[in-house]
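Visitor: Below is one structure. I have some questions about it.
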2 protein chains.
Amino acid sequence: MSNIIKLQHGCGGKPTSKLIEEVFYRSFHNEILAGGSDSALLQLGQQKLAFTTDSFIIKPLFFQGGDIGKLSICGTSNDLAVCGARPLYVSCGFIIEEGFEMESLIKIANSMGETAKDIGAQIVTGDTKVVEKGNGDGVYINTSGIGIIMNDYAPKKIREGDAIIISGGIGEHGTIVALNRYNIKFSSALTSDCASVFNIVNHLQDHFEYIKLMKDPTRGGVATILNEVATVSQVGVRLLEKRLPIKNEVKAVCNMLGMEALYLACEGRLLLVAQGDKAEEILSSMKKLHCCRDAEIIGYFEEKNSKLVYLENEFGSKRILSSLEGDLLPRIC
Amino acid sequence: MSNIIKLQHGCGGKPTSKLIEEVFYRSFHNEILAGGSDSALLQLGQQKLAFTTDSFIIKPLFFQGGDIGKLSICGTSNDLAVCGARPLYVSCGFIIEEGFEMESLIKIANSMGETAKDIGAQIVTGDTKVVEKGNGDGVYINTSGIGIIMNDYAPKKIREGDAIIISGGIGEHGTIVALNRYNIKFSSALTSDCASVFNIVNHLQDHFEYIKLMKDPTRGGVATILNEVATVSQVGVRLLEKRLPIKNEVKAVCNMLGMEALYLACEGRLLLVAQGDKAEEILSSMKKLHCCRDAEIIGYFEEKNSKLVYLENEFGSKRILSSLEGDLLPRIC
């Protein structure tokens, strides 16, 4: 392992996983943590709870389609939602750089309050710290959240034939951050997909029996998440390029900057694995929601005893997609 | 309100309270948050839970008696413990600066793991982010925690005659941070009081009926906490100088640096308000614990319809102690 922390340790790919396993899992070892779920799953008396945490260091703080405040509430709620939990309570910890404009802080706080309200969650506890100018970068926010598991949802064993559904366009959040970061003027209505996915999960409750896994493809994007799932389930993945809902603007920016949409973060998309013969039914139920109008079945779990994820184009040629290795775009969330 | 964030907004005194009330409470308003307790108190089914969050930005990261890792677990557990809760589950969110030594991170993680184990809590979920060199200061840690309220503990109305007990020496953590910050060599065995207070709270369960309030006097110190309590309860406080357990080394450093121990942070002391006629009994029970060998009754709630906190010396002369106003010592936790 590297003897210093590098930016890539925070990008959500292999170096992040390695750091978590070799440092944090070793020091903190316990069964709940080792579950490796997006949220810790807790049994407290009769209640099944999900508990999760996320720190947000996104640059820029304000972007087309959201800001760090909205992102922080959506991100934490989404980690709860993909575990089948209804987000109830959120904490917020602010680390603010001396000299930060009060007006911006108020905007961010309002955005957090409104987003939480929309989701039906409450921000119930908080903490405020200030660091000297030069020791921060505007504001960093941690949100932790508690949710209650709905309808006894639990992930199920993934098998060959299971389908992969994405709730909407891929890589839009990552594209917006890249455009801002590289200071590229781009005349388009493209915005970040930053949103809560709880309403989708809530809408799908009747289908929980046939939903094997839910994920939100943030850092590392769809490709990295699917690699993780393939590794754990030991079933390889075939993605169909022509089915991928990638907007033309996202493709254009990816071409320009040499990036690949499948590795770009989404911050408001639900990726789910459905029992193969129920996938069309689930997809058509999802499409009733306006936010899922671009939802698609984008591929299948196919090869047993494999852990490869490959992308097949319309001519049938295949290309392996590995996990994100380096630091594609730091500070995306 | 100031139009930019200043260091004093993070020091736990009046500017911090003002920021919380005027920005965060306004945006997030809900009854649980407005409770203003150290932890949010939640009813989930039959379970009464406490939920809290804290970000740690202490400088230096390693100090006599602890490090940011131990501090982060103790701090969050203590916020739960003073609400009468047994700390069960903790989350950790790391914001690490690029270039930070892996060895230091491992030390900090080990320290967190060991401290949690000592308390009987588990670190069950986490998040790792990395910021570019120059946009952080080594490592910042957020810990959020969930605890279960023991024996239906609840704070009670404070009245004249109620006594104030502190579990041990005052201002030791703040003194250690000051010595490090000002680079003062000081040959002494003095260490930070950084510790969990849960064992004390747990030990006092049989006395909960007569314990009206528990607090941990961190940022702003004993004086600021007592001002807050006096304001809420509308009963003034008389502190007895000769009863204050302040070590000679703390006094010496305070004299040297022009600080006052009563405003310095403790990170492992329990401050409690006990029914007056039960205070001696509670004190003698506490003293059975080694960590409470210096515990003392340091004053009384006395004057109704007042909110003043004053300090009386052995000759009977009195001095008003207000809340911390400025930035005595930033980044103390």
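Following the order of the structure tokens, first chain is A, next is B, and so on, with residues numbered from 1 inside each chain and ligands from 1 in the order they appear.
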Output as a PyMOL selection string the set of chain B residues within 6 Å of chain A, with distances taken over only C-alpha atoms.
Guide: chain B and resi 3-7+10+23+27-28+32-33+40+52-55+93+98-102+106+109-110+113+124-127+129-130+135-137
Visitor: If we count only C-alpha atoms, what is near Arg293 of chain A at a cut-off of 9 Å, once residues fewer than 4 positions away on the same chain are taken out, given as a PyMOL selection string?
Guide: chain A and resi 167-168+286-289
Visitor: Leaving out Thr115 of chain B and any residue of its chain fewer than 5 positions from it, which residues lie within 10 Å of it when counting only C-alpha atoms, given as an NGL selection string?
Guide: :B and (69-74 or 109-110 or 120-122 or 195-196)
Visitor: Using atom CA of Tyr310 of chain A and atom CA of Val82 of chain A as the two end points, give the distance in Å to one decimal.
Guide: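 Atom-to-atom, atom CA of Tyr310 of chain A to atom CA of Val82 of chain A, that is 24.0 Å.
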Visitor: Can you list, as a list in words, every protein, DNA or RNA residue that comes within 7 Å of segment 186-191 of chain A when you count only C-alpha atoms, leaving out same-chain residues fewer than 5 positions away?
Guide: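 Counting only the stated atoms, we get Gln64, Gly65, Glu172 and Ile176 of chain A.
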Visitor: Using only C-alpha atoms, which residue out of A:Asn248, A:Ser323, A:Gln275, A:Ser317 lies closest to Glu209 of chain A?
Guide: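 Closest to Glu209 of chain A of all the choices is A:Gln275.
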Visitor: What parts of segment 21-160 of chain B does DSSP call strand (DSSP E or B)? I'd like the answer as number ranges by chain.
Guide: B: 40-44, 47-56, 62-63, 66-67, 85-97, 101, 122-131, 139-149
Visitor: Write out the residues from the selection above, keeping N, CA and C atoms, as a compact mmCIF listing (two decimals), in the first residue's frame.
Guide:
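Output file part18.txt follows:
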# COMPACT_ATOMS: atom_id res chain seq x y z
N ALA B 40 -30.13 14.31 19.28
CA ALA B 40 -31.55 14.31 18.94
C ALA B 40 -32.18 13.11 19.64
N LEU B 41 -33.35 13.29 20.21
CA LEU B 41 -34.03 12.20 20.89
C LEU B 41 -35.15 11.69 20.00
N LEU B 42 -35.07 10.41 19.66
CA LEU B 42 -35.97 9.84 18.66
C LEU B 42 -36.76 8.68 19.25
N GLN B 43 -38.02 8.61 18.89
CA GLN B 43 -38.82 7.44 19.29
C GLN B 43 -39.05 6.61 18.04
N LEU B 44 -38.52 5.41 18.02
CA LEU B 44 -38.69 4.53 16.85
C LEU B 44 -39.33 3.25 17.34
N GLN B 47 -38.53 1.83 20.83
CA GLN B 47 -37.18 2.23 21.21
C GLN B 47 -37.05 3.74 21.34
N LYS B 48 -36.42 4.15 22.44
CA LYS B 48 -36.04 5.56 22.57
C LYS B 48 -34.56 5.68 22.23
N LEU B 49 -34.26 6.41 21.17
CA LEU B 49 -32.88 6.50 20.72
C LEU B 49 -32.36 7.93 20.85
N ALA B 50 -31.03 8.01 20.95
CA ALA B 50 -30.35 9.30 20.84
C ALA B 50 -29.48 9.22 19.60
N PHE B 51 -29.37 10.33 18.87
CA PHE B 51 -28.63 10.39 17.60
C PHE B 51 -27.86 11.70 17.61
N THR B 52 -26.57 11.63 17.34
CA THR B 52 -25.76 12.85 17.41
C THR B 52 -24.66 12.84 16.37
N THR B 53 -24.10 14.00 16.09
CA THR B 53 -23.00 14.10 15.13
C THR B 53 -21.98 15.13 15.60
N ASP B 54 -20.73 14.92 15.25
CA ASP B 54 -19.65 15.85 15.57
C ASP B 54 -18.57 15.74 14.51
N SER B 55 -18.05 16.88 14.08
CA SER B 55 -16.88 16.85 13.21
C SER B 55 -15.68 17.28 14.04
N PHE B 56 -14.54 16.65 13.79
CA PHE B 56 -13.33 16.93 14.56
C PHE B 56 -12.25 17.47 13.65
N PHE B 62 -2.23 14.65 17.08
CA PHE B 62 -1.78 13.79 18.18
C PHE B 62 -1.37 14.69 19.34
N PHE B 63 -1.80 14.36 20.53
CA PHE B 63 -1.49 15.20 21.69
C PHE B 63 -1.33 14.33 22.92
N GLY B 66 -4.04 11.56 23.95
CA GLY B 66 -5.00 11.14 22.92
C GLY B 66 -4.61 11.57 21.53
N ASP B 67 -5.53 11.40 20.62
CA ASP B 67 -5.37 11.84 19.24
C ASP B 67 -6.76 12.08 18.67
N ALA B 85 -27.90 7.93 27.24
CA ALA B 85 -27.94 6.85 26.25
C ALA B 85 -26.67 6.01 26.29
N ARG B 86 -26.84 4.74 26.04
CA ARG B 86 -25.73 3.81 25.89
C ARG B 86 -25.29 3.86 24.43
N PRO B 87 -24.03 4.27 24.15
CA PRO B 87 -23.58 4.37 22.76
C PRO B 87 -23.50 2.98 22.13
N LEU B 88 -24.15 2.78 21.01
CA LEU B 88 -24.16 1.46 20.37
C LEU B 88 -23.43 1.47 19.03
N TYR B 89 -23.80 2.40 18.18
CA TYR B 89 -23.31 2.38 16.80
C TYR B 89 -22.74 3.74 16.43
N VAL B 90 -21.59 3.71 15.77
CA VAL B 90 -20.92 4.95 15.38
C VAL B 90 -20.59 4.87 13.89
N SER B 91 -20.76 5.99 13.19
CA SER B 91 -20.30 6.10 11.80
C SER B 91 -19.05 6.98 11.79
N CYS B 92 -18.22 6.82 10.77
CA CYS B 92 -17.08 7.72 10.66
C CYS B 92 -16.91 8.18 9.22
N GLY B 93 -16.75 9.48 9.06
CA GLY B 93 -16.51 10.07 7.75
C GLY B 93 -15.16 10.76 7.78
N PHE B 94 -14.26 10.33 6.92
CA PHE B 94 -12.91 10.92 6.88
C PHE B 94 -12.79 11.88 5.70
N ILE B 95 -12.25 13.05 5.96
CA ILE B 95 -11.82 13.94 4.88
C ILE B 95 -10.31 14.08 5.04
N ILE B 96 -9.58 13.46 4.12
CA ILE B 96 -8.13 13.36 4.27
C ILE B 96 -7.45 14.24 3.24
N GLU B 97 -6.38 14.91 3.65
CA GLU B 97 -5.63 15.76 2.72
C GLU B 97 -4.63 14.90 1.95
N GLU B 101 0.26 11.03 5.74
CA GLU B 101 1.00 9.78 5.90
C GLU B 101 0.05 8.64 6.26
N GLN B 122 -19.81 -0.04 18.36
CA GLN B 122 -19.24 -0.55 17.12
C GLN B 122 -19.24 0.54 16.05
N ILE B 123 -18.14 0.62 15.30
CA ILE B 123 -18.08 1.53 14.15
C ILE B 123 -18.64 0.74 12.97
N VAL B 124 -19.84 1.10 12.53
CA VAL B 124 -20.55 0.22 11.61
C VAL B 124 -20.65 0.71 10.17
N THR B 125 -20.31 1.97 9.94
CA THR B 125 -20.40 2.49 8.57
C THR B 125 -19.45 3.67 8.44
N GLY B 126 -18.96 3.90 7.23
CA GLY B 126 -17.98 4.97 7.07
C GLY B 126 -17.94 5.52 5.67
N ASP B 127 -17.12 6.55 5.51
CA ASP B 127 -16.96 7.19 4.21
C ASP B 127 -15.58 7.82 4.17
N THR B 128 -14.94 7.76 3.00
CA THR B 128 -13.60 8.31 2.85
C THR B 128 -13.55 9.28 1.69
N LYS B 129 -13.15 10.49 1.96
CA LYS B 129 -12.96 11.46 0.89
C LYS B 129 -11.55 12.01 0.98
N VAL B 130 -11.01 12.41 -0.17
CA VAL B 130 -9.66 12.99 -0.19
C VAL B 130 -9.74 14.36 -0.87
N VAL B 131 -9.10 15.36 -0.27
CA VAL B 131 -9.02 16.69 -0.89
C VAL B 131 -7.56 16.99 -1.27
N VAL B 139 -6.18 15.54 8.50
CA VAL B 139 -7.43 14.78 8.43
C VAL B 139 -8.49 15.42 9.31
N TYR B 140 -9.69 15.44 8.79
CA TYR B 140 -10.87 15.85 9.56
C TYR B 140 -11.75 14.60 9.67
N ILE B 141 -12.34 14.41 10.83
CA ILE B 141 -13.18 13.23 11.03
C ILE B 141 -14.56 13.62 11.53
N ASN B 142 -15.57 13.09 10.90
CA ASN B 142 -16.91 13.21 11.47
C ASN B 142 -17.31 11.87 12.06
N THR B 143 -17.83 11.90 13.27
CA THR B 143 -18.43 10.70 13.83
C THR B 143 -19.87 11.02 14.21
N SER B 144 -20.78 10.16 13.80
CA SER B 144 -22.16 10.28 14.23
C SER B 144 -22.46 9.03 15.03
N GLY B 145 -23.39 9.12 15.95
CA GLY B 145 -23.62 7.97 16.82
C GLY B 145 -25.08 7.77 17.16
N ILE B 146 -25.42 6.52 17.37
CA ILE B 146 -26.76 6.14 17.82
C ILE B 146 -26.63 5.44 19.17
N GLY B 147 -27.42 5.85 20.11
CA GLY B 147 -27.43 5.21 21.42
C GLY B 147 -28.85 4.92 21.84
N ILE B 148 -28.99 4.10 22.85
CA ILE B 148 -30.32 3.73 23.33
C ILE B 148 -30.48 4.30 24.74
N ILE B 149 -31.58 5.01 24.95
CA ILE B 149 -31.79 5.69 26.23
C ILE B 149 -31.97 4.63 27.32
Visitor: Any idea what the distance is between atom CA of Phe198 of chain B and atom CA of Leu271 of chain B?
Guide: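 These atoms are spaced 12.4 Å apart.
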Visitor: Suppose you want the space between atom CA of Lys18 of chain A and atom CA of Val229 of chain A; what is it in Å?
Guide: 16.0 Å
Visitor: Please list as a ChimeraX atom specification every residue within 12 Å of Lys185 of chain A, counting only C-alpha atoms and excluding residues in the same chain fewer than 5 positions away.
Guide: /A:176,178-180,253
Visitor: Using only C-alpha atoms, which of A:Asn151, A:Thr175, A:Asn78, A:Asn202 sits nearest Met256 of chain A?
Guide: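 Smallest distance to Met256 of chain A is found for A:Thr175.
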